[in-house]
$ cat model.pdb   # PDB, C-alpha atoms
ATOM      1  CA  MET A   1    -155.966 -90.492 -76.422
ATOM      2  CA  ARG A   2    -154.011 -87.282 -76.748
ATOM      3  CA  GLN A   3    -153.310 -84.405 -74.405
ATOM      4  CA  PRO A   4    -151.055 -81.343 -74.265
ATOM      5  CA  PHE A   5    -148.646 -81.022 -71.329
ATOM      6  CA  LYS A   6    -146.957 -77.833 -70.229
ATOM      7  CA  ARG A   7    -143.238 -78.072 -70.958
ATOM      8  CA  GLU A   8    -141.964 -78.256 -67.367
ATOM      9  CA  LEU A   9    -140.932 -81.039 -64.982
ATOM     10  CA  GLY A  10    -143.962 -80.262 -62.840
ATOM     11  CA  SER A  11    -146.084 -81.833 -65.594
ATOM     12  CA  LEU A  12    -144.710 -85.311 -64.907
ATOM     13  CA  ASP A  13    -147.398 -86.209 -62.365
ATOM     14  CA  ALA A  14    -150.109 -85.324 -64.875
ATOM     15  CA  LEU A  15    -148.261 -87.237 -67.598
ATOM     16  CA  PHE A  16    -148.072 -90.364 -65.409
ATOM     17  CA  ALA A  17    -151.754 -90.032 -64.479
ATOM     18  CA  PHE A  18    -152.598 -89.811 -68.196
ATOM     19  CA  ALA A  19    -150.526 -92.948 -68.833
ATOM     20  CA  GLN A  20    -152.091 -94.798 -65.911
ATOM     21  CA  THR A  21    -155.593 -94.195 -67.278
ATOM     22  CA  PHE A  22    -154.479 -95.442 -70.674
ATOM     23  CA  ALA A  23    -152.794 -98.530 -69.170
ATOM     24  CA  ALA A  24    -155.951 -99.421 -67.223
ATOM     25  CA  ASP A  25    -158.216 -98.891 -70.230
ATOM     26  CA  HIS A  26    -156.044-101.140 -72.378
ATOM     27  CA  LYS A  27    -155.151-103.634 -69.635
ATOM     28  CA  LEU A  28    -151.418-103.221 -70.202
ATOM     29  CA  ASP A  29    -149.245-105.463 -68.036
ATOM     30  CA  GLU A  30    -146.891-104.000 -65.410
ATOM     31  CA  ARG A  31    -143.758-104.501 -67.482
ATOM     32  CA  THR A  32    -145.207-102.710 -70.505
ATOM     33  CA  THR A  33    -146.590 -99.955 -68.284
ATOM     34  CA  TYR A  34    -143.170 -99.401 -66.714
ATOM     35  CA  ALA A  35    -141.543 -99.191 -70.152
ATOM     36  CA  MET A  36    -144.245 -96.759 -71.332
ATOM     37  CA  ASN A  37    -143.826 -94.527 -68.262
ATOM     38  CA  LEU A  38    -140.059 -94.499 -68.642
ATOM     39  CA  ALA A  39    -140.229 -93.662 -72.354
ATOM     40  CA  LEU A  40    -142.746 -90.879 -71.675
ATOM     41  CA  GLU A  41    -140.590 -89.349 -68.963
ATOM     42  CA  GLU A  42    -137.283 -89.607 -70.812
ATOM     43  CA  ILE A  43    -138.514 -88.049 -74.066
ATOM     44  CA  PHE A  44    -140.650 -85.427 -72.321
ATOM     45  CA  THR A  45    -137.862 -84.309 -69.978
ATOM     46  CA  ASN A  46    -135.494 -84.068 -72.960
ATOM     47  CA  MET A  47    -138.005 -81.744 -74.605
ATOM     48  CA  VAL A  48    -138.278 -79.722 -71.388
ATOM     49  CA  LYS A  49    -134.515 -79.361 -71.013
ATOM     50  CA  TYR A  50    -133.327 -79.007 -74.584
ATOM     51  CA  GLY A  51    -136.320 -78.567 -76.863
ATOM     52  CA  GLY A  52    -136.980 -74.813 -76.923
ATOM     53  CA  GLY A  53    -140.095 -73.876 -78.872
ATOM     54  CA  ASP A  54    -143.674 -73.832 -77.619
ATOM     55  CA  ASP A  55    -144.741 -74.054 -74.015
ATOM     56  CA  ALA A  56    -146.593 -77.319 -74.488
ATOM     57  CA  VAL A  57    -145.876 -80.786 -75.863
ATOM     58  CA  SER A  58    -148.710 -82.863 -77.290
ATOM     59  CA  VAL A  59    -148.541 -86.515 -76.200
ATOM     60  CA  GLY A  60    -150.590 -89.274 -77.771
ATOM     61  CA  LEU A  61    -151.046 -92.885 -76.639
ATOM     62  CA  ASP A  62    -152.693 -95.579 -78.727
ATOM     63  CA  VAL A  63    -152.800 -99.291 -79.390
ATOM     64  CA  ARG A  64    -152.718-100.054 -83.128
ATOM     65  CA  ASP A  65    -152.483-103.509 -84.677
ATOM     66  CA  GLY A  66    -151.107-105.003 -81.494
ATOM     67  CA  ASP A  67    -148.549-102.257 -80.928
ATOM     68  CA  LEU A  68    -148.343 -99.633 -78.226
ATOM     69  CA  VAL A  69    -147.735 -96.309 -80.016
ATOM     70  CA  ILE A  70    -146.447 -93.250 -78.156
ATOM     71  CA  GLU A  71    -146.381 -89.957 -80.076
ATOM     72  CA  PHE A  72    -144.860 -86.599 -79.163
ATOM     73  CA  GLU A  73    -145.397 -83.406 -81.109
ATOM     74  CA  HIS A  74    -143.458 -80.308 -80.142
ATOM     75  CA  SER A  75    -143.970 -77.180 -82.231
ATOM     76  CA  GLY A  76    -141.059 -74.820 -82.675
ATOM     77  CA  ALA A  77    -138.606 -77.308 -81.172
ATOM     78  CA  VAL A  78    -134.911 -77.156 -81.918
ATOM     79  CA  PRO A  79    -134.326 -79.876 -84.549
ATOM     80  CA  PHE A  80    -132.467 -82.772 -82.924
ATOM     81  CA  ASP A  81    -132.808 -86.352 -84.092
ATOM     82  CA  ALA A  82    -132.700 -88.204 -80.801
ATOM     83  CA  SER A  83    -133.280 -91.517 -82.580
ATOM     84  CA  ARG A  84    -129.799 -91.313 -84.133
ATOM     85  CA  TRP A  85    -128.012 -90.220 -80.984
ATOM     86  CA  THR A  86    -125.735 -92.943 -79.726
ATOM     87  CA  THR A  87    -123.927 -93.534 -76.498
ATOM     88  CA  GLY A  88    -121.797 -96.264 -75.077
ATOM     89  CA  ALA A  89    -122.936 -95.228 -71.617
ATOM     90  CA  ALA A  90    -124.041 -98.692 -70.545
ATOM     91  CA  ASP A  91    -120.690-100.245 -71.351
ATOM     92  CA  ARG A  92    -118.474 -97.729 -69.601
ATOM     93  CA  ALA A  93    -116.631 -98.285 -66.361
ATOM     94  CA  LEU A  94    -117.728 -96.216 -63.368
ATOM     95  CA  GLU A  95    -114.913 -93.699 -63.677
ATOM     96  CA  ASP A  96    -115.756 -93.036 -67.335
ATOM     97  CA  ARG A  97    -119.471 -92.519 -66.852
ATOM     98  CA  GLU A  98    -121.042 -89.100 -66.994
ATOM     99  CA  PRO A  99    -124.604 -88.041 -66.239
ATOM    100  CA  GLY A 100    -126.820 -87.853 -69.306
ATOM    101  CA  GLY A 101    -127.416 -90.064 -72.293
ATOM    102  CA  MET A 102    -128.724 -92.989 -70.283
ATOM    103  CA  GLY A 103    -132.371 -92.018 -70.823
ATOM    104  CA  LEU A 104    -132.272 -92.299 -74.608
ATOM    105  CA  HIS A 105    -130.318 -95.543 -74.326
ATOM    106  CA  LEU A 106    -133.061 -97.007 -72.135
ATOM    107  CA  VAL A 107    -135.819 -95.813 -74.472
ATOM    108  CA  ARG A 108    -134.139 -97.400 -77.471
ATOM    109  CA  ARG A 109    -133.755-100.695 -75.638
ATOM    110  CA  LEU A 110    -137.270-100.796 -74.191
ATOM    111  CA  MET A 111    -139.089 -99.745 -77.374
ATOM    112  CA  ASP A 112    -139.085-101.655 -80.666
ATOM    113  CA  GLU A 113    -139.138 -98.587 -82.927
ATOM    114  CA  PHE A 114    -137.975 -95.003 -82.424
ATOM    115  CA  VAL A 115    -138.813 -92.641 -85.282
ATOM    116  CA  TYR A 116    -137.963 -88.940 -85.405
ATOM    117  CA  ALA A 117    -139.292 -86.479 -87.976
ATOM    118  CA  TYR A 118    -139.224 -82.706 -88.254
ATOM    119  CA  ARG A 119    -142.053 -81.319 -90.345
ATOM    120  CA  GLY A 120    -144.256 -78.278 -90.337
ATOM    121  CA  GLY A 121    -141.974 -76.587 -87.836
ATOM    122  CA  ALA A 122    -142.534 -79.318 -85.265
ATOM    123  CA  ALA A 123    -140.530 -82.235 -83.920
ATOM    124  CA  HIS A 124    -142.399 -85.537 -84.044
ATOM    125  CA  ILE A 125    -141.196 -88.578 -82.132
ATOM    126  CA  THR A 126    -143.044 -91.867 -82.494
ATOM    127  CA  LEU A 127    -142.178 -94.835 -80.281
ATOM    128  CA  THR A 128    -143.630 -98.268 -80.899
ATOM    129  CA  LYS A 129    -143.599-101.329 -78.670
ATOM    130  CA  HIS A 130    -144.941-104.682 -79.785
ATOM    131  CA  LEU A 131    -147.418-106.004 -77.264
ATOM    132  CA  GLY A 132    -147.774-109.608 -76.247
ATOM    133  CA  GLY A 133    -144.102-110.427 -76.706
ATOM    134  CA  ALA A 134    -141.019-110.264 -74.531
TER
ATOM    135  CA  MET B   1    -144.551 -88.965 -54.855
ATOM    136  CA  PHE B   2    -141.112 -89.927 -53.591
ATOM    137  CA  GLU B   3    -140.004 -90.336 -49.992
ATOM    138  CA  VAL B   4    -136.686 -91.221 -48.428
ATOM    139  CA  ALA B   5    -136.226 -92.282 -44.815
ATOM    140  CA  LYS B   6    -133.544 -93.853 -42.642
ATOM    141  CA  GLY B   7    -134.006 -97.530 -41.719
ATOM    142  CA  PRO B   8    -133.019 -99.243 -38.448
ATOM    143  CA  GLN B   9    -129.538-100.165 -39.724
ATOM    144  CA  GLY B  10    -128.860 -96.674 -41.068
ATOM    145  CA  GLU B  11    -129.843 -97.655 -44.599
ATOM    146  CA  PHE B  12    -131.686 -95.251 -46.873
ATOM    147  CA  VAL B  13    -135.204 -96.467 -47.590
ATOM    148  CA  PHE B  14    -136.661 -95.235 -50.898
ATOM    149  CA  LYS B  15    -140.392 -95.223 -51.409
ATOM    150  CA  GLY B  16    -142.683 -94.209 -54.276
ATOM    151  CA  ARG B  17    -141.553 -92.879 -57.639
ATOM    152  CA  LEU B  18    -138.136 -91.374 -58.231
ATOM    153  CA  ASP B  19    -138.585 -89.321 -61.398
ATOM    154  CA  ALA B  20    -136.875 -86.203 -62.751
ATOM    155  CA  SER B  21    -139.017 -83.894 -60.609
ATOM    156  CA  GLN B  22    -137.963 -85.654 -57.380
ATOM    157  CA  VAL B  23    -134.226 -86.141 -57.769
ATOM    158  CA  GLU B  24    -133.172 -83.276 -55.517
ATOM    159  CA  ARG B  25    -134.736 -85.043 -52.529
ATOM    160  CA  ALA B  26    -132.675 -88.157 -53.224
ATOM    161  CA  ARG B  27    -129.521 -86.148 -53.916
ATOM    162  CA  GLU B  28    -129.889 -84.231 -50.668
ATOM    163  CA  ALA B  29    -130.422 -87.384 -48.585
ATOM    164  CA  LEU B  30    -127.544 -89.348 -50.092
ATOM    165  CA  GLY B  31    -125.296 -86.310 -49.964
ATOM    166  CA  GLU B  32    -124.766 -86.878 -46.254
ATOM    167  CA  LEU B  33    -123.023 -90.204 -46.879
ATOM    168  CA  LYS B  34    -119.342 -90.151 -45.931
ATOM    169  CA  GLY B  35    -118.703 -93.889 -46.268
ATOM    170  CA  SER B  36    -120.306 -96.985 -47.747
ATOM    171  CA  GLY B  37    -124.078 -97.152 -47.545
ATOM    172  CA  VAL B  38    -127.119 -99.227 -48.381
ATOM    173  CA  VAL B  39    -130.184 -98.069 -50.298
ATOM    174  CA  ASP B  40    -133.301-100.190 -49.788
ATOM    175  CA  PHE B  41    -135.572-100.115 -52.858
ATOM    176  CA  LYS B  42    -138.318-102.240 -51.296
ATOM    177  CA  GLY B  43    -140.895 -99.444 -51.444
ATOM    178  CA  LEU B  44    -139.666 -97.936 -54.706
ATOM    179  CA  ASP B  45    -142.059 -98.528 -57.603
ATOM    180  CA  TYR B  46    -140.274 -96.599 -60.309
ATOM    181  CA  ILE B  47    -136.992 -94.915 -61.155
ATOM    182  CA  SER B  48    -135.907 -93.177 -64.362
ATOM    183  CA  SER B  49    -132.509 -92.150 -65.696
ATOM    184  CA  ALA B  50    -132.665 -88.961 -63.597
ATOM    185  CA  GLY B  51    -132.728 -90.955 -60.355
ATOM    186  CA  MET B  52    -130.152 -93.372 -61.707
ATOM    187  CA  GLY B  53    -127.900 -90.405 -62.396
ATOM    188  CA  VAL B  54    -128.071 -89.394 -58.731
ATOM    189  CA  LEU B  55    -127.035 -92.899 -57.644
ATOM    190  CA  LEU B  56    -124.220 -92.888 -60.182
ATOM    191  CA  GLY B  57    -122.945 -89.534 -58.935
ATOM    192  CA  VAL B  58    -122.888 -90.760 -55.336
ATOM    193  CA  GLN B  59    -121.142 -93.976 -56.355
ATOM    194  CA  LYS B  60    -118.450 -92.050 -58.221
ATOM    195  CA  LYS B  61    -117.902 -89.767 -55.254
ATOM    196  CA  LEU B  62    -117.667 -92.652 -52.786
ATOM    197  CA  SER B  63    -115.385 -94.722 -54.975
ATOM    198  CA  GLY B  64    -112.716 -92.081 -54.665
ATOM    199  CA  SER B  65    -112.320 -92.998 -50.994
ATOM    200  CA  GLY B  66    -112.752 -96.747 -51.463
ATOM    201  CA  HIS B  67    -116.425 -96.806 -50.458
ATOM    202  CA  SER B  68    -119.549 -97.816 -52.334
ATOM    203  CA  LEU B  69    -123.330 -98.032 -52.383
ATOM    204  CA  THR B  70    -125.155-101.339 -52.110
ATOM    205  CA  LEU B  71    -128.678-101.507 -53.553
ATOM    206  CA  VAL B  72    -131.151-104.022 -52.112
ATOM    207  CA  ASN B  73    -134.711-105.222 -52.739
ATOM    208  CA  LEU B  74    -135.090-103.967 -56.317
ATOM    209  CA  ASN B  75    -138.341-104.954 -58.017
ATOM    210  CA  SER B  76    -138.104-106.921 -61.259
ATOM    211  CA  HIS B  77    -138.760-103.896 -63.512
ATOM    212  CA  ILE B  78    -136.095-101.748 -61.878
ATOM    213  CA  ARG B  79    -133.694-104.694 -61.920
ATOM    214  CA  GLU B  80    -134.284-105.018 -65.668
ATOM    215  CA  ILE B  81    -133.520-101.380 -66.497
ATOM    216  CA  PHE B  82    -130.457-101.454 -64.229
ATOM    217  CA  ARG B  83    -129.234-104.443 -66.216
ATOM    218  CA  ILE B  84    -129.892-102.633 -69.530
ATOM    219  CA  ALA B  85    -128.015 -99.593 -68.199
ATOM    220  CA  GLY B  86    -125.095-101.744 -67.084
ATOM    221  CA  PHE B  87    -125.655-100.678 -63.484
ATOM    222  CA  ASP B  88    -125.278-104.291 -62.367
ATOM    223  CA  ARG B  89    -121.585-103.856 -63.152
ATOM    224  CA  VAL B  90    -121.290-100.546 -61.298
ATOM    225  CA  PHE B  91    -123.257-101.285 -58.115
ATOM    226  CA  LYS B  92    -123.425-104.202 -55.748
ATOM    227  CA  ILE B  93    -127.054-105.299 -56.098
ATOM    228  CA  GLU B  94    -128.582-107.754 -53.622
TER
END

$ encode --input "model.pdb" --output "structure tokens"
Amino acid sequence: MRQPFKRELGSLDALFAFAQTFAADHKLDERTTYAMNLALEEIFTNMVKYGGGDDAVSVGLDVRDGDLVIEFEHSGAVPFDASRWTTGAADRALEDREPGGMGLHLVRRLMDEFVYAYRGGAAHITLTKHLGGA
Amino acid sequence: MFEVAKGPQGEFVFKGRLDASQVERAREALGELKGSGVVDFKGLDYISSAGMGVLLGVQKKLSGSGHSLTLVNLNSHIREIFRIAGFDRVFKIE
């Protein structure tokens, strides 16, 4: 299933409702559903805050060959390969921590694959999580 | 929907979903803390990095005066992402 979402934080409720329908249809367990919701929010809010480009982001959810696949397409976005962005945020002491960066760290740890591509004037992010495993 | 209330011991009780669109409510509530405090997550179903950033900001502010936040009753999913984020080394979690 695929749906466009207006590029604003106020779209999060609709995004979570979209994900909840998908999770119920595919009988995803709670742990996988939490990881999916978190990945959706973190990537979408990054696109809201830093993406530029069109007013909407297209979000797709699917199960293919035993994998949960989350796809984002954002036309006119500022090219930024989030999959290569690294942070040592989780290892830092309290006094050295700054806001930001934690979201992408969590997405990378909760998903099994994180692929970024920029083609046709649009940013494409594809996240994959193997189902049925830890 | 996210709600924050005060419990009988003065603890902050979080309920619902703390996502990026709700962080100001959490920031405003915790902003009144002048000393150590407790946040009860018993009714909290979900938190993202935006909400975690609010907690981190409060913890940094309190640590300057020797105080801290204690987080209690985290569900297993929130506990897992806090561990991944290294928050178990930054907060006292019970």

$ closest_residue --input "model.pdb" --among "A:Arg31, A:Arg2, A:Lys49, A:His74" --to "chain B" --atoms "all atoms listed in the file"
A:Arg31

$ resolve_selection --input "model.pdb" --expression "the PyMOL selection byres ((chain A and resi 125) around 6)" --output "count of residues only"
6

$ resolve_selection --input "model.pdb" --expression "the ChimeraX specification (/A :<12) & /B" --output "PyMOL selection string"
chain B and resi 1-2+17-23+45-64+68+75-91

$ residues_around --input "model.pdb" --residues "Val4 in chain B" --least-positions-apart "6" --cutoff "8 Å" --atoms "all atoms listed in the file" --output "VMD selection string"
chain B and resid 12 to 15 25 to 26 29

$ atom_distance --input "model.pdb" --atom1 "CA of Asp40 in chain B" --atom2 "CA of Gly66 in chain B"
20.9 Å

$ atom_distance --input "model.pdb" --atom1 "CA of Val78 in chain A" --atom2 "CA of Asp112 in chain A"
24.9 Å

$ residues_around --input "model.pdb" --residues "Leu69 in chain B" --least-positions-apart "6" --cutoff "6 Å" --atoms "all atoms listed in the file" --output "list in words"
Ser36, Gly37 and Val38 of chain B

$ atom_distance --input "model.pdb" --atom1 "CA of Leu131 in chain A" --atom2 "CA of Thr21 in chain A"
17.5 Å

$ residues_around --input "model.pdb" --residues "Gly121 in chain A" --least-positions-apart "2" --cutoff "10 Å" --atoms "all atoms listed in the file" --output "list in words"
Gly53, His74, Ser75, Gly76, Ala77, Val78, Pro79, Tyr118, Arg119, Ala123 and His124 of chain A

$ build_atoms --input "model.pdb" --residues "range 45-64 of chain A" --atoms "N, CA and C atoms" --output "PDB file, keeping the file's coordinate frame"
ATOM      1  N   THR A  45    -138.840 -85.124 -70.704  1.00  0.00           N
ATOM      2  CA  THR A  45    -137.862 -84.309 -69.978  1.00  0.00           C
ATOM      3  C   THR A  45    -136.768 -83.789 -70.917  1.00  0.00           C
ATOM      4  N   ASN A  46    -136.434 -84.567 -71.946  1.00  0.00           N
ATOM      5  CA  ASN A  46    -135.494 -84.068 -72.960  1.00  0.00           C
ATOM      6  C   ASN A  46    -136.062 -82.837 -73.652  1.00  0.00           C
ATOM      7  N   MET A  47    -137.356 -82.887 -73.948  1.00  0.00           N
ATOM      8  CA  MET A  47    -138.005 -81.744 -74.605  1.00  0.00           C
ATOM      9  C   MET A  47    -138.081 -80.548 -73.657  1.00  0.00           C
ATOM     10  N   VAL A  48    -138.255 -80.812 -72.376  1.00  0.00           N
ATOM     11  CA  VAL A  48    -138.278 -79.722 -71.388  1.00  0.00           C
ATOM     12  C   VAL A  48    -136.906 -79.061 -71.310  1.00  0.00           C
ATOM     13  N   LYS A  49    -135.861 -79.889 -71.256  1.00  0.00           N
ATOM     14  CA  LYS A  49    -134.515 -79.361 -71.013  1.00  0.00           C
ATOM     15  C   LYS A  49    -133.885 -78.758 -72.258  1.00  0.00           C
ATOM     16  N   TYR A  50    -134.107 -79.397 -73.399  1.00  0.00           N
ATOM     17  CA  TYR A  50    -133.327 -79.007 -74.584  1.00  0.00           C
ATOM     18  C   TYR A  50    -134.173 -78.571 -75.776  1.00  0.00           C
ATOM     19  N   GLY A  51    -135.485 -78.705 -75.674  1.00  0.00           N
ATOM     20  CA  GLY A  51    -136.320 -78.567 -76.863  1.00  0.00           C
ATOM     21  C   GLY A  51    -136.532 -77.159 -77.370  1.00  0.00           C
ATOM     22  N   GLY A  52    -136.591 -76.156 -76.485  1.00  0.00           N
ATOM     23  CA  GLY A  52    -136.980 -74.813 -76.923  1.00  0.00           C
ATOM     24  C   GLY A  52    -138.417 -74.843 -77.434  1.00  0.00           C
ATOM     25  N   GLY A  53    -138.793 -73.854 -78.216  1.00  0.00           N
ATOM     26  CA  GLY A  53    -140.095 -73.876 -78.872  1.00  0.00           C
ATOM     27  C   GLY A  53    -141.261 -73.595 -77.953  1.00  0.00           C
ATOM     28  N   ASP A  54    -142.421 -74.142 -78.314  1.00  0.00           N
ATOM     29  CA  ASP A  54    -143.674 -73.832 -77.619  1.00  0.00           C
ATOM     30  C   ASP A  54    -143.668 -74.283 -76.166  1.00  0.00           C
ATOM     31  N   ASP A  55    -144.645 -73.756 -75.441  1.00  0.00           N
ATOM     32  CA  ASP A  55    -144.741 -74.054 -74.015  1.00  0.00           C
ATOM     33  C   ASP A  55    -145.377 -75.404 -73.722  1.00  0.00           C
ATOM     34  N   ALA A  56    -145.915 -76.043 -74.733  1.00  0.00           N
ATOM     35  CA  ALA A  56    -146.593 -77.319 -74.488  1.00  0.00           C
ATOM     36  C   ALA A  56    -146.117 -78.383 -75.467  1.00  0.00           C
ATOM     37  N   VAL A  57    -146.186 -79.632 -75.018  1.00  0.00           N
ATOM     38  CA  VAL A  57    -145.876 -80.786 -75.863  1.00  0.00           C
ATOM     39  C   VAL A  57    -147.142 -81.634 -75.924  1.00  0.00           C
ATOM     40  N   SER A  58    -147.540 -82.011 -77.132  1.00  0.00           N
ATOM     41  CA  SER A  58    -148.710 -82.863 -77.290  1.00  0.00           C
ATOM     42  C   SER A  58    -148.255 -84.324 -77.235  1.00  0.00           C
ATOM     43  N   VAL A  59    -148.914 -85.102 -76.369  1.00  0.00           N
ATOM     44  CA  VAL A  59    -148.541 -86.515 -76.200  1.00  0.00           C
ATOM     45  C   VAL A  59    -149.753 -87.383 -76.538  1.00  0.00           C
ATOM     46  N   GLY A  60    -149.524 -88.358 -77.397  1.00  0.00           N
ATOM     47  CA  GLY A  60    -150.590 -89.274 -77.771  1.00  0.00           C
ATOM     48  C   GLY A  60    -150.237 -90.707 -77.404  1.00  0.00           C
ATOM     49  N   LEU A  61    -151.218 -91.461 -76.938  1.00  0.00           N
ATOM     50  CA  LEU A  61    -151.046 -92.885 -76.639  1.00  0.00           C
ATOM     51  C   LEU A  61    -152.119 -93.663 -77.385  1.00  0.00           C
ATOM     52  N   ASP A  62    -151.723 -94.794 -77.970  1.00  0.00           N
ATOM     53  CA  ASP A  62    -152.693 -95.579 -78.727  1.00  0.00           C
ATOM     54  C   ASP A  62    -152.222 -97.025 -78.788  1.00  0.00           C
ATOM     55  N   VAL A  63    -153.158 -97.922 -79.039  1.00  0.00           N
ATOM     56  CA  VAL A  63    -152.800 -99.291 -79.390  1.00  0.00           C
ATOM     57  C   VAL A  63    -153.305 -99.522 -80.806  1.00  0.00           C
ATOM     58  N   ARG A  64    -152.368 -99.838 -81.717  1.00  0.00           N
ATOM     59  CA  ARG A  64    -152.718-100.054 -83.128  1.00  0.00           C
ATOM     60  C   ARG A  64    -152.115-101.371 -83.604  1.00  0.00           C
TER      61      ARG A  64
END
